$ cat protein16.cif   # mmCIF, C-alpha atoms
data_upload
#
loop_
_atom_site.label_atom_id
_atom_site.label_comp_id
_atom_site.auth_asym_id
_atom_site.auth_seq_id
_atom_site.Cartn_x
_atom_site.Cartn_y
_atom_site.Cartn_z
CA MET R 1 63.46 -137.57 -123.23
CA GLU R 2 63.50 -136.57 -119.58
CA PHE R 3 61.46 -133.45 -120.38
CA LYS R 4 58.75 -135.61 -121.99
CA TRP R 5 58.44 -137.69 -118.86
CA ARG R 6 58.19 -134.53 -116.78
CA ILE R 7 55.29 -133.06 -118.75
CA ALA R 8 53.39 -136.34 -119.06
CA PRO R 9 51.66 -136.05 -115.63
CA LEU R 10 50.71 -132.45 -116.47
CA LEU R 11 49.10 -133.57 -119.70
CA ILE R 12 47.20 -136.31 -117.88
CA VAL R 13 45.89 -133.81 -115.30
CA LEU R 14 44.91 -131.39 -118.10
CA ALA R 15 43.08 -134.12 -120.00
CA ALA R 16 41.25 -135.20 -116.85
CA ARG R 17 40.17 -131.59 -116.19
CA LEU R 18 38.94 -131.13 -119.74
CA HIS R 19 37.01 -134.36 -119.47
CA ALA R 20 35.50 -133.25 -116.17
CA ALA R 21 34.49 -129.84 -117.56
CA PRO R 22 30.85 -129.07 -116.65
CA ARG R 23 28.41 -130.30 -119.24
CA PRO R 24 24.69 -129.52 -119.41
CA VAL R 25 22.60 -132.11 -117.66
CA ASP R 26 20.65 -134.09 -120.21
CA LEU R 27 16.93 -134.26 -119.54
CA LYS R 28 16.93 -137.90 -120.63
CA ASP R 29 19.59 -138.70 -118.01
CA LEU R 30 17.64 -137.02 -115.24
CA ASP R 31 16.88 -138.95 -112.12
CA SER R 32 14.00 -141.12 -113.28
CA HIS R 33 12.34 -141.03 -109.85
CA ALA R 34 11.83 -137.29 -110.14
CA LEU R 35 9.84 -137.58 -113.37
CA ALA R 36 8.23 -140.88 -112.44
CA ALA R 37 6.35 -139.12 -109.67
CA PHE R 38 4.71 -136.84 -112.26
CA ALA R 39 4.03 -139.75 -114.58
CA ALA R 40 2.32 -141.68 -111.80
CA LYS R 41 -0.23 -138.90 -111.32
CA ALA R 42 -0.60 -137.90 -114.97
CA SER R 43 -3.50 -138.97 -117.15
CA ASN R 44 -1.44 -138.53 -120.31
CA THR R 45 2.28 -138.44 -120.85
CA VAL R 46 4.50 -137.75 -123.82
CA ASP R 47 7.99 -139.11 -123.67
CA VAL R 48 10.18 -138.37 -126.67
CA THR R 49 13.92 -138.88 -126.82
CA LEU R 50 15.70 -138.39 -130.10
CA ASP R 51 19.45 -138.38 -130.49
CA GLY R 52 22.25 -139.66 -132.68
CA ASN R 53 21.20 -142.02 -135.41
CA VAL R 54 17.49 -141.92 -134.44
CA LEU R 55 17.45 -138.16 -135.00
CA LYS R 56 19.15 -138.59 -138.37
CA MET R 57 16.66 -141.31 -139.26
CA ALA R 58 13.76 -139.07 -138.24
CA ALA R 59 15.09 -136.16 -140.27
CA GLY R 60 15.57 -138.49 -143.21
CA PHE R 61 12.01 -139.76 -142.94
CA ILE R 62 10.45 -136.29 -142.75
CA SER R 63 12.62 -134.80 -145.46
CA SER R 64 12.11 -137.77 -147.78
CA SER R 65 9.06 -136.04 -149.25
CA GLY R 66 11.41 -133.34 -150.55
CA ASP R 67 8.82 -130.56 -150.36
CA GLU R 68 9.59 -127.03 -149.17
CA ASP R 69 8.52 -127.60 -145.56
CA ALA R 70 10.59 -130.74 -145.33
CA VAL R 71 13.64 -128.85 -146.55
CA LYS R 72 13.01 -126.15 -143.90
CA LEU R 73 12.64 -128.77 -141.24
CA LYS R 74 15.84 -130.52 -142.26
CA LYS R 75 17.65 -127.18 -142.08
CA LEU R 76 16.09 -126.45 -138.69
CA ILE R 77 17.43 -129.60 -137.09
CA ALA R 78 20.71 -129.77 -139.00
CA GLY R 79 22.74 -128.67 -135.97
CA VAL R 80 20.64 -130.43 -133.34
CA LYS R 81 22.30 -133.21 -131.34
CA SER R 82 19.38 -134.33 -129.21
CA ILE R 83 15.74 -133.52 -128.49
CA THR R 84 14.07 -134.62 -125.29
CA VAL R 85 10.46 -133.85 -124.42
CA ARG R 86 8.57 -134.89 -121.31
CA THR R 87 4.94 -133.79 -121.01
CA PHE R 88 2.55 -134.70 -118.22
CA GLU R 89 -1.16 -133.93 -118.45
CA PHE R 90 -3.29 -134.09 -115.33
CA LYS R 91 -7.03 -134.42 -115.07
CA THR R 92 -7.32 -131.97 -112.20
CA LYS R 93 -5.36 -129.06 -110.82
CA GLY R 94 -2.93 -129.41 -107.93
CA GLN R 95 -1.47 -132.76 -108.95
CA TYR R 96 2.05 -131.40 -108.66
CA SER R 97 3.64 -128.77 -106.47
CA LYS R 98 5.92 -125.86 -107.26
CA ALA R 99 8.57 -127.59 -105.15
CA ASP R 100 8.45 -130.63 -107.47
CA VAL R 101 9.13 -128.41 -110.48
CA ASP R 102 11.84 -126.51 -108.57
CA ALA R 103 13.61 -129.82 -107.88
CA ILE R 104 13.68 -130.67 -111.58
CA ARG R 105 14.75 -127.15 -112.52
CA LYS R 106 17.58 -127.35 -109.98
CA GLN R 107 18.90 -130.48 -111.70
CA LEU R 108 18.52 -129.18 -115.23
CA LYS R 109 19.48 -125.54 -114.96
CA THR R 110 23.22 -125.73 -114.51
CA PRO R 111 25.23 -122.48 -114.71
CA GLU R 112 25.75 -122.90 -118.46
CA TRP R 113 22.09 -122.14 -119.08
CA SER R 114 21.06 -118.47 -119.24
CA SER R 115 17.48 -117.41 -118.73
CA ILE R 116 16.04 -115.47 -121.63
CA VAL R 117 12.46 -115.29 -120.38
CA THR R 118 10.49 -116.24 -117.30
CA VAL R 119 6.79 -115.42 -117.33
CA ASN R 120 4.50 -116.06 -114.42
CA ASP R 121 0.78 -115.48 -114.90
CA LYS R 122 -0.73 -115.58 -111.43
CA GLU R 123 -4.27 -115.28 -112.78
CA SER R 124 -4.08 -118.38 -114.96
CA GLY R 125 -1.49 -120.13 -112.81
CA GLU R 126 0.82 -120.60 -115.79
CA THR R 127 4.58 -120.29 -115.65
CA SER R 128 6.90 -120.47 -118.59
CA GLU R 129 10.67 -120.37 -118.54
CA VAL R 130 13.02 -120.42 -121.50
CA TYR R 131 16.76 -120.88 -121.11
CA VAL R 132 19.50 -121.00 -123.69
CA LEU R 133 22.85 -122.68 -123.55
CA GLY R 134 25.85 -120.48 -124.29
CA GLY R 135 25.40 -117.27 -126.29
CA LYS R 136 21.97 -115.85 -127.04
CA ASP R 137 22.90 -115.09 -130.66
CA LYS R 138 23.61 -118.67 -131.53
CA PRO R 139 22.49 -120.83 -128.62
CA GLY R 140 23.93 -124.30 -128.20
CA GLY R 141 20.66 -125.50 -126.74
CA ILE R 142 17.20 -124.57 -125.48
CA LEU R 143 15.53 -125.56 -122.26
CA ILE R 144 11.82 -124.89 -121.78
CA ILE R 145 9.97 -125.49 -118.53
CA SER R 146 6.28 -124.86 -118.89
CA ALA R 147 4.02 -125.35 -115.90
CA GLU R 148 0.28 -124.99 -116.41
CA PRO R 149 -2.34 -125.98 -113.83
CA THR R 150 -3.04 -129.30 -115.55
CA GLU R 151 0.02 -129.70 -117.73
CA LEU R 152 3.72 -129.81 -117.12
CA THR R 153 6.25 -129.80 -119.94
CA PHE R 154 10.03 -130.04 -120.07
CA VAL R 155 11.78 -129.60 -123.39
CA GLN R 156 15.50 -129.78 -123.90
CA ILE R 157 17.16 -129.37 -127.26
CA LEU R 158 20.94 -129.68 -127.39
CA GLY R 159 22.83 -128.38 -130.40
CA THR R 160 22.52 -125.24 -132.46
CA VAL R 161 18.98 -124.23 -133.19
CA ASP R 162 17.23 -121.02 -134.15
CA ILE R 163 14.40 -120.18 -131.73
CA SER R 164 12.48 -118.15 -134.30
CA ASP R 165 12.61 -121.02 -136.77
CA LEU R 166 11.46 -123.35 -134.02
CA SER R 167 8.50 -121.10 -133.21
CA ALA R 168 7.51 -121.16 -136.86
CA PHE R 169 7.37 -124.94 -136.84
CA GLU R 170 3.61 -124.94 -136.31
CA ASP R 171 3.24 -123.22 -139.65
CA LEU R 172 5.11 -125.96 -141.45
CA GLY R 173 3.01 -128.56 -143.16
CA VAL R 174 4.00 -131.48 -140.98
CA PRO R 175 1.01 -133.60 -139.99
CA ASP R 176 -0.29 -133.06 -136.48
CA VAL R 177 0.74 -136.11 -134.51
CA THR R 178 0.42 -134.50 -131.10
CA HIS R 179 -1.50 -137.42 -129.66
CA HIS R 180 0.97 -140.00 -130.95
CA GLY R 181 2.70 -141.91 -128.15
CA LYS R 182 0.44 -140.73 -125.35
CA LYS R 183 -0.44 -143.26 -122.77
CA GLU R 184 -4.03 -144.21 -122.22
CA ASP R 185 -6.16 -142.41 -119.69
CA LYS R 186 -6.03 -144.09 -116.34
CA MET I 1 59.17 -232.86 -163.44
CA ASN I 2 56.00 -233.75 -161.67
CA GLN I 3 56.12 -230.45 -159.85
CA GLU I 4 56.28 -228.55 -163.15
CA ILE I 5 53.22 -230.41 -164.45
CA ASP I 6 51.30 -229.58 -161.24
CA LEU I 7 52.15 -225.92 -161.54
CA GLU I 8 51.08 -225.82 -165.16
CA THR I 9 47.83 -227.52 -164.30
CA ALA I 10 47.25 -225.10 -161.48
CA LEU I 11 47.93 -222.14 -163.76
CA ARG I 12 45.67 -223.46 -166.46
CA ARG I 13 42.92 -223.92 -163.93
CA ALA I 14 43.41 -220.46 -162.52
CA LEU I 15 43.50 -218.74 -165.89
CA LYS I 16 40.65 -220.69 -167.31
CA ARG I 17 38.13 -218.45 -169.05
CA GLU I 18 34.86 -218.25 -167.21
CA HIS I 19 31.68 -216.86 -168.60
CA PRO I 20 29.92 -214.23 -166.41
CA ARG I 21 26.56 -214.97 -164.95
CA ALA I 22 23.61 -214.30 -167.17
CA ASP I 23 22.49 -211.08 -165.32
CA PHE I 24 26.00 -209.57 -165.13
CA ALA I 25 25.51 -207.00 -167.91
CA LYS I 26 22.09 -206.14 -166.56
CA ARG I 27 23.49 -205.51 -163.07
CA VAL I 28 26.37 -203.36 -164.41
CA LEU I 29 23.96 -201.24 -166.45
CA ALA I 30 21.59 -200.94 -163.47
CA ARG I 31 24.46 -199.79 -161.22
CA ALA I 32 25.58 -197.22 -163.80
CA ALA I 33 22.03 -195.93 -164.13
CA GLU I 34 21.74 -195.72 -160.32
CA ARG I 35 24.97 -193.70 -160.13
CA ARG I 36 23.71 -191.31 -162.82
CA ARG I 37 20.43 -190.93 -160.90
CA GLN I 38 22.28 -190.22 -157.65
CA ALA I 39 24.49 -187.60 -159.34
CA ALA I 40 21.42 -185.90 -160.84
CA THR I 41 19.69 -185.93 -157.45
CA ARG I 42 22.75 -184.30 -155.85
CA VAL I 43 22.75 -181.55 -158.51
CA TRP I 44 19.05 -180.89 -158.03
CA MET I 45 19.44 -180.86 -154.26
CA ALA I 46 22.27 -178.33 -154.54
CA ILE I 47 20.15 -176.16 -156.82
CA ALA I 48 17.19 -176.42 -154.42
CA ALA I 49 19.42 -175.54 -151.45
CA MET I 50 20.74 -172.50 -153.31
CA LEU I 51 17.21 -171.41 -154.20
CA VAL I 52 16.02 -171.81 -150.59
CA ALA I 53 19.06 -169.88 -149.33
CA GLY I 54 18.37 -167.14 -151.88
CA VAL I 55 14.72 -166.88 -150.85
CA LEU I 56 15.69 -166.79 -147.15
CA ILE I 57 18.30 -164.08 -147.74
CA ALA I 58 15.85 -162.01 -149.80
CA ALA I 59 13.15 -162.40 -147.13
CA GLY I 60 15.62 -161.42 -144.39
CA MET I 61 16.72 -158.35 -146.31
CA ARG I 62 13.12 -157.32 -146.96
CA ASN I 63 12.28 -157.82 -143.29
CA TYR I 64 15.25 -155.68 -142.26
CA GLU I 65 14.21 -153.03 -144.76
CA LEU I 66 10.64 -152.99 -143.41
CA GLN I 67 11.91 -152.83 -139.85
CA ARG I 68 14.17 -149.86 -140.68
CA GLU I 69 11.28 -148.18 -142.47
CA ALA I 70 9.00 -148.63 -139.44
CA GLU I 71 11.71 -147.29 -137.13
CA ALA I 72 12.27 -144.28 -139.39
CA GLN I 73 8.52 -143.64 -139.52
CA LYS I 74 8.24 -143.76 -135.71
CA ALA I 75 11.29 -141.51 -135.35
CA GLY I 76 9.77 -139.07 -137.85
CA HIS I 77 6.50 -138.97 -135.92
CA ASP I 78 8.38 -138.49 -132.65
CA LEU I 79 10.38 -135.65 -134.16
CA ALA I 80 7.25 -133.93 -135.48
CA LEU I 81 5.59 -134.36 -132.09
CA ALA I 82 8.60 -133.03 -130.17
CA LEU I 83 8.95 -129.98 -132.40
CA ARG I 84 5.22 -129.31 -132.31
CA ILE I 85 5.21 -129.36 -128.49
CA THR I 86 8.31 -127.15 -128.38
CA SER I 87 6.74 -124.69 -130.77
CA ALA I 88 3.47 -124.72 -128.83
CA LYS I 89 5.29 -123.92 -125.60
CA LEU I 90 7.23 -121.08 -127.22
CA HIS I 91 3.93 -119.69 -128.55
CA LEU I 92 2.41 -120.01 -125.08
CA THR I 93 5.33 -118.05 -123.64
CA HIS I 94 4.77 -115.40 -126.31
CA ARG I 95 1.07 -115.17 -125.49
CA MET I 96 1.82 -114.92 -121.77
CA ILE I 97 4.26 -112.08 -122.39
CA ARG I 98 1.69 -110.24 -124.51
CA ARG I 99 -0.97 -110.73 -121.84
CA ARG I 100 1.16 -108.98 -119.25
CA PRO I 101 0.00 -105.44 -118.47
CA ASP I 102 3.52 -104.07 -119.06
CA GLY I 103 3.52 -105.89 -122.40
CA VAL I 104 7.22 -106.80 -122.13
#

$ encode --input "protein16.cif" --output "structure tokens"
Amino acid sequence: MEFKWRIAPLLIVLAARLHAAPRPVDLKDLDSHALAAFAAKASNTVDVTLDGNVLKMAAGFISSSGDEDAVKLKKLIAGVKSITVRTFEFKTKGQYSKADVDAIRKQLKTPEWSSIVTVNDKESGETSEVYVLGGKDKPGGILIISAEPTELTFVQILGTVDISDLSAFEDLGVPDVTHHGKKEDK
Amino acid sequence: MNQEIDLETALRRALKREHPRADFAKRVLARAAERRRQAATRVWMAIAAMLVAGVLIAAGMRNYELQREAEAQKAGHDLALALRITSAKLHLTHRMIRRRPDGV
């Protein structure tokens, strides 16, 4: 009985530490001021947040057709916990600075994320960075930061997902709804 | 003795058979008919209330169903959009890598 009371504080400390274990910063929980600055200057924005039941509902809707592509898609997102996409399109170049992107990257790229590719094309002014969460063989998430002269995109997918399957998504027969949800030109 | 006679007279008077008024039967029948009418009205009102409740419940369920369907449709579109953007950015990264002189 006495022994139980002695280990109780240890268990509490252990539980607190486990709870406080570093977790990847969710793009949707990011400081809204940081992204609001981009949104204020952007001519078009895409803001998609899918998690929990909404993601299940979305998967159910797409796979309800039951065709081959829908089955592939359902399989693709089976292990996904959340998908967050923020895209900002600008009418002219120079609407955001590298420092602005660095500030976002600093918040998002916690030590759990490993860089798998960073490409910087000085001629076109495009930069693309892809990070994975955990192991590269079976990543627990993908973070994409794509900075083009007139477009800035942040994508964060949490959960198990195959990058090659994700790349092949364009080939799937899902209708192009790229302009859905964009705000009107200012 | 006199008291006994008085009592008998009083009893006779009290128990004397009286004929009802001429419209008595008519009024009793009218009241019975009114009661039957009221009972029928109550039954019909209960049926009508049940029908209205049924229609309201069915309309509510249909509305909920439509709302869920619209939410699912929006979520499906959002998912397609998110995956399309993700895929496009991965393709862009691929193209950028291939454009590099070292071709890594």

$ residues_around --input "protein16.cif" --residues "His91 (chain I)" --least-positions-apart "4" --cutoff "7 Å" --atoms "all atoms listed in the file" --output "PyMOL selection string"
(chain R and resi 167) or (chain I and resi 87+95)

$ interface_residues --input "protein16.cif" --of "chain I" --to "chain R" --cutoff "8 Å" --atoms "only C-alpha atoms" --output "PyMOL selection string"
chain I and resi 72-93+96-97+100

$ atom_distance --input "protein16.cif" --atom1 "CA of Val25 (chain R)" --atom2 "CA of Thr45 (chain R)"
21.5 Å

$ closest_residue --input "protein16.cif" --among "R:Ser64, R:Ala40, R:Lys93, R:Lys106" --to "Leu27 (chain R)" --atoms "all atoms listed in the file"
R:Lys106

$ closest_residue --input "protein16.cif" --among "R:Thr92, R:Lys122, R:Gly159, R:Leu152" --to "Ile104 (chain R)" --atoms "all atoms listed in the file"
R:Leu152

$ atom_distance --input "protein16.cif" --atom1 "CA of Val161 (chain R)" --atom2 "CA of Ala36 (chain R)"
28.7 Å

$ atom_distance --input "protein16.cif" --atom1 "CA of Ser114 (chain R)" --atom2 "CA of Glu89 (chain R)"
27.1 Å
